[in-house]
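Q: Got a structure here, written out as structure tokens. Questions coming.
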Amino acid sequence: MSAAQRSALMSRISSKNTGPELVLRRLLHAAGYRYGVHGVLPARQVAQLRSAHPGIPLRGGKLPGSPDLVFSARRKAIFVNGCFWHGHDCPVGQRRPASNTGYWNPKLDANIARDQRNRDSLAALGWESLTLWECELKAMDGVLDRAASFLGPVRILPGSPGGQDPSQGTGVG
């Protein structure tokens with residue numbers, strides 16, 4: 001593949017609203033969970049976190065690492081990571097490019113280190129995080145069970161339309 005072809009290919013890779021992320025969002029929404037996306041928090045919660053933890057930056061009102069799904073009432077966040085970009089322990093994640101290793105190895109190692117720093121910062125803020133991998137979402141093996149176990153039961157707002165049936169899409173996660 002030429003450098004121009006590689007550049008064109010890489011420029012089309014998105015970090016938000018990826019296929020695996022959208023699959024998980026649809027799955028959790030159908031199960032009755034409600035969430036925010038891309039690490040954005042309500043302004044009141046940002047102010048509380050900033051005053052309680054001044055050493056941890058919340059740039060643009062976002063949690064460290066901008067988690068893909070944010071469950072602010074539960075203080076839980078889910079990252080949906082691409083296996084290659086974040087170094088998952090699967091065949092795709094362990095494969096490193098053979099060309100331009102002087103660029104790729106430090107780049108991928110830095111991604112892994114940054115992910116760990118972000119998880120540590122979330123924990124310091126009193127948040128729990130879960131990482132789901134692209135390969136897991138493709139296979140769908142136990143993804144909903146794993147996410148539901150992490151999140152806990154679906155919460156329903158009192159007096160919400162549809163009563164207590166989360167299958168009606170009225171639950172608040």
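Ligands are numbered from 1 in the order shown, chains are lettered A, B, ... in the order of the structure tokens, and residues start at 1 in each chain.
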Hey, what's within 8 Å of stretch 46-48 of chain A if we count only C-alpha atoms and toss same-chain stuff fewer than 4 positions away? As an MDAnalysis selection string, please?

A: chainID A and resid 41:42 52 58 61:62

Q: When you look at A:Tyr35 with a cut-off of 8 Å (counting only C-alpha atoms), what residues show up, excluding the ones that are within fewer than 2 positions of it in the same chain? I need them as a VMD selection string.

A: chain A and resid 33 37 69 to 72 173

Q: Quick one: residues within 8 Å of stretch 114-121 of chain A, only C-alpha atoms, excluding same-chain residues fewer than 5 positions away - as a list in words?

A: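 So, after excluding close chain neighbours, the residues are Ile56, Pro64, Gly65, His86 and Ser129 of chain A.
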
Q: Please produce a file of the residues just selected, as a compact mmCIF listing (two decimals), in the first residue's frame, where the atoms kept are C-alpha atoms.

A:
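Wrote it out as again_13.txt, contents follow:
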# COMPACT_ATOMS: atom_id res chain seq x y z
CA ILE A 56 -7.47 16.07 38.00
CA PRO A 64 -10.61 11.80 31.76
CA GLY A 65 -10.29 9.79 28.56
CA HIS A 86 -5.41 0.16 22.33
CA SER A 129 -14.77 2.07 34.45

Q: Fewer than 3 positions away in the same chain doesn't count, so skip those; otherwise give me all residues within 10 Å of A:Gly152, counting only C-alpha atoms, as a ChimeraX atom specification.

A: /A:33,74,147-149,155,173

Q: How far is it from atom CA of A:Pro54 to atom CA of A:Leu151, in Å with one decimal?

A: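 Taking atom CA of A:Pro54 as the start and atom CA of A:Leu151 as the end point, the length is 26.9 Å.
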
Q: Write down as number ranges by chain the residues belonging to stretch 49-97 of chain A that are assigned alpha helix (DSSP H) by DSSP computed on the backbone.

A: A: 49-52, 83-86, 91-94

Q: When DSSP is applied to the backbone of this structure, which of chain A are assigned strand (DSSP E or B)? Write them out as number ranges by chain.

A: A: 36-37, 40, 62, 69-71, 76-81, 128-133, 155, 172

Q: Listing only residues of stretch 16-113 of chain A within 10 Å of stretch 139-143 of chain A, what is the closest atom pair and its distance in Å (to one decimal) for each, using only C-alpha atoms, sorted by chain and residue number ascending, as JSON lines?

A:
{"residue": "A:Val23", "atom": "CA", "partner": "A:Met140", "partner_atom": "CA", "distance": 9.5}
{"residue": "A:Leu24", "atom": "CA", "partner": "A:Val143", "partner_atom": "CA", "distance": 8.3}
{"residue": "A:Leu27", "atom": "CA", "partner": "A:Val143", "partner_atom": "CA", "distance": 9.1}
{"residue": "A:Leu28", "atom": "CA", "partner": "A:Val143", "partner_atom": "CA", "distance": 9.8}

Q: With N, CA and C atoms retained, export the selected residues as a PDB file, in the first residue's frame.

A:
ATOM      1  N   VAL A  23     -23.186  -0.263  18.317  1.00  0.00           N
ATOM      2  CA  VAL A  23     -23.777  -1.567  18.654  1.00  0.00           C
ATOM      3  C   VAL A  23     -24.050  -1.633  20.152  1.00  0.00           C
ATOM      4  N   LEU A  24     -23.063  -1.252  20.965  1.00  0.00           N
ATOM      5  CA  LEU A  24     -23.230  -1.296  22.420  1.00  0.00           C
ATOM      6  C   LEU A  24     -24.312  -0.322  22.877  1.00  0.00           C
ATOM      7  N   LEU A  27     -27.673  -1.799  22.162  1.00  0.00           N
ATOM      8  CA  LEU A  27     -27.907  -2.948  23.039  1.00  0.00           C
ATOM      9  C   LEU A  27     -28.312  -2.489  24.444  1.00  0.00           C
ATOM     10  N   LEU A  28     -27.562  -1.548  25.010  1.00  0.00           N
ATOM     11  CA  LEU A  28     -27.856  -1.070  26.367  1.00  0.00           C
ATOM     12  C   LEU A  28     -29.157  -0.268  26.409  1.00  0.00           C
TER      13      LEU A  28
END

Q: Using only C-alpha atoms, determine which residues lie at most 12 Å from A:Arg26, disregarding the query and same-chain residues fewer than 6 positions distant; provide the list as a JSON list (two decimals) with C-alpha atoms, in the first residue's frame.

A:
[["chain", "number", "residue", "atom", "x", "y", "z"],
["A", 17, "ASN", "CA", -19.60, 6.93, 17.07],
["A", 19, "GLY", "CA", -19.55, 0.78, 14.70],
["A", 20, "PRO", "CA", -18.77, -1.17, 17.90],
["A", 32, "GLY", "CA", -33.40, 0.02, 29.48],
["A", 33, "TYR", "CA", -30.13, 1.77, 30.37],
["A", 34, "ARG", "CA", -29.77, 5.51, 29.76],
["A", 35, "TYR", "CA", -26.43, 7.23, 29.42],
["A", 69, "LEU", "CA", -20.74, 5.89, 27.57],
["A", 137, "LEU", "CA", -18.64, -6.56, 20.35],
["A", 144, "LEU", "CA", -24.81, -7.47, 27.62],
["A", 169, "GLY", "CA", -37.78, 2.17, 26.65]]

Q: Could you check how far atom CA of A:Asp145 sits from atom CA of A:Arg75, in Å to one decimal?

A: 19.0 Å

Q: How many Å lie between atom CA of A:Pro67 and atom CA of A:Trp104, rounded to one decimal?

A: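 It comes out at 23.7 Å.
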
Q: Calculated over only C-alpha atoms, which of the candidates A:Thr101, A:Glu136, A:Arg59, A:Pro106 has the smallest distance to A:Gly82?

A: A:Glu136
